[in-house]
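Here the structure is laid out as structure tokens; the discussion comes afterwards.
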Amino acid sequence: MRNFAIIAFAVVLQFSAGQALPQDSTYKKERFFKPSELKEDYKVLIKTLQECYPSTYRYNSKAQVDHFFSHMLEQLNTPLTERGFYPLIALTAAYMKDEHIIATPSVAYYEHIYKQQVKFLPFSIKVIDNRVFINSSDNPQLKTGMQILSIDDIPVTSIISNVIRYVHRDGYISTFPYRHLEDYSPTQNENILDLYYSFFYRLRDSLILALKQPDGNVVRFNCQSLNYKQYQSFYWKRNPHEPPLTFKQLNKNSALLEISSFHSSYRENYKQDFERLFEQCFNRLDSNKTRNLVIDLRRCEGGDNSYLLLLQYLMLKPFRVLKYIEVAYAGLPSTSKYFESTDNAFFPDSLLYRLPNGKYRLKSKYKPTIAGYTTTSPKRQHFKGKVYVLTSGSTGSAAAIFCTILRNAHRAIFIGEETGGAMEGPTSLNIPVLVLPNSKIRIEVPLIKLQLASRYIKGRGVIPDYFVEPLVNDIADHHDAQFNLALKLLNGKR
């Protein structure tokens, strides 16, 4: 799970709602960092965002950002452990409003605290209409579809409202953080709520749940929490990996293409060649004279530019993906000495020209070397039928770019939720890891801003034509309301 950004605001470990974080004696072994060390780390982060990150002022004005940085620095007047300092760093990452800028605790925290001392929830959740339900459980008595009212007498609505504010997201999109409290993608390796519950609340060996059963009765249930080994076993059991591309001919007139990832490493794990598979899929659609294609991207958090190849089989006219790409510097920035690696952080000035605002863009003669920067033509055997796309808040990055191009071309009907990726394009691609010099907290900092050649609403994702949120009964009954609506539409029943 790379998207590791649920965070707490106050450095003094107070919840914004006024509830103090319980102190655990096991954390007294952690090193306290002096204010001078904390400020040095935070100033390195500020300088990196100002010098390297091209979207620092994309969703916040310079005055707002400068005030935020100053306010955070003012908090660093007392010694803090990493447990106390990390929330401030993560909050700063979240303040950038970018799904790709991600803060993670140090390796030492993972090894000595997270894996050895933290306890985990024995269930995963589904959030529906601001209510929280059990989605899967390590305890057979916790049934899928049960509504959770409280955990250790803390209202679950309070827990979610505390946590949700700190989940990273693009722009002003609200669906992304809710889905990321769940098991949102097969390419994740941890669940955000599981991971960060201990940053907000202390979980003991057992916990007490208040549960609302389907018949309306409220019961209190005592169950065991999980250690790291048990959690890992439960997590992979409930979230098995699957091939990133599956294709199914529903009937002669309709087919389903599910893509859970555009990541090259993920498809390589399954030895899936997307170029060959796309060709096979669309040749089959053509030979069957299939008129309707449903594309399911609800668990696709993004990947590489293989989405461009899929667009070539769907678009009816030549199209362009990128209006421009932009970086914040040429050469190497001054804070690159804190990067884990500078392999993808060097931008030759011979390839760039400087804008009046100090940013840099690619010279015209090099644009053909970037996928999607110039006009792309559809494949000769492209699909001419109707396209239905299923989306969720987990549909991010490259998957959201794909949806944006289809939306602008009026080439598909969208069903589900607003995408998790913003329509103007992500700041992504080259992403070195910044390691803060004292605390060793790590921050992924994307270096390339992509501006799509499309119309958009600032800070918003692709809005579905048909908004469909699952109902409570859908969870227990394994009923897929979004897919079923797509079937009704393609059969002309709505």
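Ordering of the structure tokens sets the chain letters (A, B, ...); residue numbers start at 1 within each chain; ligands are numbered from 1 in the order shown.
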
Practice prompt. May I have the residues within 7 Å of segment 29-39 of chain A as a PyMOL selection string, using only C-alpha atoms and disregarding those fewer than 4 positions away in the same chain?
Written response: chain A and resi 43+73+76-81+438

Worksheet item: So which residues touch Ala422 of chain A within 12 Å, counting only C-alpha atoms, skipping near sequence neighbours fewer than 5 positions away, as a ChimeraX atom specification?
Response: /A:58-59,97-100,169-176,393-405,427,450-452,454-463

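When only C-alpha atoms are used to compute distances to Arg407 of chain A, the closest of the residues A:Leu311, A:Tyr178, A:Glu82, A:Gly492 turns out to be A:Leu311.
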
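The residue that comes closest to Gly385 of chain A, out of A:Asn222, A:Ser350, A:Asn292, A:Thr92 and on the basis of only C-alpha atoms, is A:Asn292.
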
Practice prompt. Would you please give, as a PyMOL selection string, all residues of segment 348-389 of chain A that DSSP assigns to strand (DSSP E) based on the backbone?
Written response: chain A and resi 352-354+360-362+386-389

Taking all heavy atoms for each residue, export the selection above as an mmCIF file, in the first residue's frame.
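The resulting file, again_39.cif, is shown below:
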```cif
data_model
loop_
_atom_site.group_PDB
_atom_site.id
_atom_site.type_symbol
_atom_site.label_atom_id
_atom_site.label_comp_id
_atom_site.auth_asym_id
_atom_site.auth_seq_id
_atom_site.Cartn_x
_atom_site.Cartn_y
_atom_site.Cartn_z
ATOM 1 N N LEU A 352 14.400 21.395 -22.100
ATOM 2 C CA LEU A 352 13.356 22.235 -21.518
ATOM 3 C C LEU A 352 13.495 23.700 -21.916
ATOM 4 O O LEU A 352 14.562 24.153 -22.305
ATOM 5 C CB LEU A 352 13.413 22.131 -19.985
ATOM 6 C CG LEU A 352 13.390 20.721 -19.382
ATOM 7 C CD1 LEU A 352 13.727 20.783 -17.904
ATOM 8 C CD2 LEU A 352 12.040 20.069 -19.603
ATOM 9 N N TYR A 353 12.385 24.405 -21.797
ATOM 10 C CA TYR A 353 12.440 25.868 -21.884
ATOM 11 C C TYR A 353 11.767 26.434 -20.634
ATOM 12 O O TYR A 353 10.863 25.831 -20.068
ATOM 13 C CB TYR A 353 11.787 26.392 -23.167
ATOM 14 C CG TYR A 353 10.285 26.238 -23.244
ATOM 15 C CD1 TYR A 353 9.430 27.262 -22.828
ATOM 16 C CD2 TYR A 353 9.704 25.070 -23.766
ATOM 17 C CE1 TYR A 353 8.052 27.133 -22.908
ATOM 18 C CE2 TYR A 353 8.322 24.932 -23.844
ATOM 19 C CZ TYR A 353 7.508 25.968 -23.418
ATOM 20 O OH TYR A 353 6.139 25.838 -23.494
ATOM 21 N N ARG A 354 12.244 27.603 -20.217
ATOM 22 C CA ARG A 354 11.795 28.187 -18.954
ATOM 23 C C ARG A 354 10.633 29.136 -19.177
ATOM 24 O O ARG A 354 10.650 29.955 -20.103
ATOM 25 C CB ARG A 354 12.942 28.937 -18.273
ATOM 26 C CG ARG A 354 12.709 29.291 -16.813
ATOM 27 C CD ARG A 354 14.004 29.821 -16.203
ATOM 28 N NE ARG A 354 13.895 30.000 -14.754
ATOM 29 C CZ ARG A 354 13.497 31.106 -14.164
ATOM 30 N NH1 ARG A 354 13.173 32.175 -14.894
ATOM 31 N NH2 ARG A 354 13.430 31.187 -12.838
ATOM 32 N N TYR A 360 9.294 24.897 -15.932
ATOM 33 C CA TYR A 360 9.889 24.445 -17.186
ATOM 34 C C TYR A 360 8.939 23.495 -17.924
ATOM 35 O O TYR A 360 8.230 22.703 -17.282
ATOM 36 C CB TYR A 360 11.207 23.703 -16.924
ATOM 37 C CG TYR A 360 12.297 24.572 -16.366
ATOM 38 C CD1 TYR A 360 12.358 24.852 -14.993
ATOM 39 C CD2 TYR A 360 13.274 25.108 -17.187
ATOM 40 C CE1 TYR A 360 13.362 25.648 -14.462
ATOM 41 C CE2 TYR A 360 14.298 25.905 -16.665
ATOM 42 C CZ TYR A 360 14.328 26.164 -15.305
ATOM 43 O OH TYR A 360 15.329 26.951 -14.795
ATOM 44 N N ARG A 361 8.946 23.588 -19.241
ATOM 45 C CA ARG A 361 8.168 22.674 -20.077
ATOM 46 C C ARG A 361 9.048 22.088 -21.170
ATOM 47 O O ARG A 361 10.104 22.629 -21.501
ATOM 48 C CB ARG A 361 6.960 23.389 -20.690
ATOM 49 C CG ARG A 361 5.929 23.800 -19.659
ATOM 50 C CD ARG A 361 4.686 24.385 -20.279
ATOM 51 N NE ARG A 361 3.786 24.896 -19.258
ATOM 52 C CZ ARG A 361 2.684 25.588 -19.510
ATOM 53 N NH1 ARG A 361 2.345 25.856 -20.769
ATOM 54 N NH2 ARG A 361 1.924 26.014 -18.517
ATOM 55 N N LEU A 362 8.572 21.007 -21.739
ATOM 56 C CA LEU A 362 9.327 20.287 -22.751
ATOM 57 C C LEU A 362 9.330 21.045 -24.075
ATOM 58 O O LEU A 362 8.295 21.542 -24.526
ATOM 59 C CB LEU A 362 8.700 18.901 -22.960
ATOM 60 C CG LEU A 362 9.493 17.880 -23.764
ATOM 61 C CD1 LEU A 362 10.758 17.473 -23.014
ATOM 62 C CD2 LEU A 362 8.618 16.644 -24.013
ATOM 63 N N LYS A 386 -21.412 0.687 -28.120
ATOM 64 C CA LYS A 386 -21.604 1.505 -26.910
ATOM 65 C C LYS A 386 -20.657 1.047 -25.803
ATOM 66 O O LYS A 386 -20.415 -0.148 -25.633
ATOM 67 C CB LYS A 386 -23.057 1.412 -26.436
ATOM 68 C CG LYS A 386 -24.047 2.126 -27.345
ATOM 69 C CD LYS A 386 -25.439 2.136 -26.738
ATOM 70 C CE LYS A 386 -26.399 2.941 -27.598
ATOM 71 N NZ LYS A 386 -27.776 2.990 -27.006
ATOM 72 N N VAL A 387 -20.162 2.022 -25.061
ATOM 73 C CA VAL A 387 -19.212 1.749 -23.989
ATOM 74 C C VAL A 387 -19.804 2.235 -22.665
ATOM 75 O O VAL A 387 -20.294 3.375 -22.574
ATOM 76 C CB VAL A 387 -17.859 2.451 -24.237
ATOM 77 C CG1 VAL A 387 -16.889 2.138 -23.109
ATOM 78 C CG2 VAL A 387 -17.276 2.017 -25.585
ATOM 79 N N TYR A 388 -19.762 1.375 -21.652
ATOM 80 C CA TYR A 388 -20.218 1.700 -20.311
ATOM 81 C C TYR A 388 -19.032 1.516 -19.368
ATOM 82 O O TYR A 388 -18.400 0.455 -19.369
ATOM 83 C CB TYR A 388 -21.371 0.799 -19.881
ATOM 84 C CG TYR A 388 -22.558 0.849 -20.819
ATOM 85 C CD1 TYR A 388 -22.586 0.079 -21.990
ATOM 86 C CD2 TYR A 388 -23.660 1.657 -20.536
ATOM 87 C CE1 TYR A 388 -23.671 0.120 -22.859
ATOM 88 C CE2 TYR A 388 -24.756 1.700 -21.396
ATOM 89 C CZ TYR A 388 -24.752 0.940 -22.562
ATOM 90 O OH TYR A 388 -25.832 0.991 -23.411
ATOM 91 N N VAL A 389 -18.727 2.527 -18.569
ATOM 92 C CA VAL A 389 -17.566 2.462 -17.675
ATOM 93 C C VAL A 389 -18.029 2.549 -16.227
ATOM 94 O O VAL A 389 -18.750 3.479 -15.844
ATOM 95 C CB VAL A 389 -16.560 3.595 -17.978
ATOM 96 C CG1 VAL A 389 -15.350 3.483 -17.046
ATOM 97 C CG2 VAL A 389 -16.104 3.537 -19.436
#
```

Would you mind listing what lies within 7 Å of Phe133 of chain A as an mmCIF file with C-alpha atoms, in the first residue's frame, with only C-alpha atoms counted and same-chain residues fewer than 6 positions away left out?
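Output file around21.cif follows:
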```
data_model
loop_
_atom_site.group_PDB
_atom_site.id
_atom_site.type_symbol
_atom_site.label_atom_id
_atom_site.label_comp_id
_atom_site.auth_asym_id
_atom_site.auth_seq_id
_atom_site.Cartn_x
_atom_site.Cartn_y
_atom_site.Cartn_z
ATOM 1 C CA ILE A 125 -15.278 -1.983 6.466
ATOM 2 C CA LYS A 126 -17.586 -0.612 3.816
ATOM 3 C CA VAL A 127 -18.780 2.992 4.085
ATOM 4 C CA GLY A 145 -23.430 -6.275 6.508
ATOM 5 C CA MET A 146 -23.565 -5.648 10.261
ATOM 6 C CA GLN A 147 -23.506 -1.923 11.015
ATOM 7 C CA ILE A 148 -20.764 -0.782 13.399
#
```

Discussion item. Which residues are near Ser150 of chain A? Cut-off 12 Å, only C-alpha atoms, ignore same chain within fewer than 2 positions. Put them as a VMD selection string.
Written reply: chain A and resid 131 to 133 146 to 148 152 to 160 207 to 212 218 to 222

Worksheet item: Within 12 Å of Tyr235 of chain A, counting only C-alpha atoms, which residues qualify if same-chain residues fewer than 3 places away don't, as an MDAnalysis selection string?
Response: chainID A and resid 1 120:124 136:138 182:183 186 188:192 194:195 226:232 238:241

Could the residues in this selection be written to a file with C-alpha atoms, as a PDB file, in the first residue's frame?
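What follows is the written file selection.pdb:
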```pdb
ATOM      1  CA  MET A   1       0.000   0.000   0.000  1.00  0.00           C
ATOM      2  CA  PHE A 120      -5.134  -4.420  14.327  1.00  0.00           C
ATOM      3  CA  LEU A 121      -8.879  -4.494  13.739  1.00  0.00           C
ATOM      4  CA  PRO A 122     -10.234  -7.986  12.963  1.00  0.00           C
ATOM      5  CA  PHE A 123     -12.495  -6.741  10.171  1.00  0.00           C
ATOM      6  CA  SER A 124     -12.573  -4.551   7.086  1.00  0.00           C
ATOM      7  CA  SER A 136     -15.234  -9.022   5.866  1.00  0.00           C
ATOM      8  CA  SER A 137     -14.072 -10.389   9.197  1.00  0.00           C
ATOM      9  CA  ASP A 138     -11.538 -12.660  10.823  1.00  0.00           C
ATOM     10  CA  GLU A 182     -11.677   0.065   2.514  1.00  0.00           C
ATOM     11  CA  ASP A 183      -9.798  -2.614   0.573  1.00  0.00           C
ATOM     12  CA  PRO A 186      -5.531  -5.443  -5.524  1.00  0.00           C
ATOM     13  CA  GLN A 188      -2.319  -2.263  -2.310  1.00  0.00           C
ATOM     14  CA  ASN A 189      -0.509  -4.282   0.362  1.00  0.00           C
ATOM     15  CA  GLU A 190      -2.068  -2.688   3.448  1.00  0.00           C
ATOM     16  CA  ASN A 191      -5.373  -1.125   4.359  1.00  0.00           C
ATOM     17  CA  ILE A 192      -5.262   2.544   5.391  1.00  0.00           C
ATOM     18  CA  ASP A 194      -5.907  -0.815   9.608  1.00  0.00           C
ATOM     19  CA  LEU A 195      -2.591   0.942   9.293  1.00  0.00           C
ATOM     20  CA  LEU A 226      -4.925  -9.066  15.758  1.00  0.00           C
ATOM     21  CA  ASN A 227      -1.163  -8.965  15.968  1.00  0.00           C
ATOM     22  CA  TYR A 228       0.860  -8.179  12.861  1.00  0.00           C
ATOM     23  CA  LYS A 229       1.264 -11.805  11.754  1.00  0.00           C
ATOM     24  CA  GLN A 230      -2.453 -12.505  12.204  1.00  0.00           C
ATOM     25  CA  TYR A 231      -3.326  -9.274  10.425  1.00  0.00           C
ATOM     26  CA  GLN A 232      -1.163 -10.137   7.434  1.00  0.00           C
ATOM     27  CA  ARG A 238      -9.733 -11.096   2.282  1.00  0.00           C
ATOM     28  CA  ASN A 239      -7.871  -9.308  -0.508  1.00  0.00           C
ATOM     29  CA  PRO A 240      -6.441 -11.960  -2.833  1.00  0.00           C
ATOM     30  CA  HIS A 241      -4.525 -10.693  -5.822  1.00  0.00           C
TER      31      HIS A 241
END
```

Item to complete: With a distance cut-off of 8 Å and only C-alpha atoms, select the neighbouring residues of segment 277-288 of chain A, excluding the residue or stretch itself and same-chain residues fewer than 2 positions from it, and output the selection as an MDAnalysis selection string.
Response: chainID A and resid 247 252:253 255 272:275 290 310 313 381:383
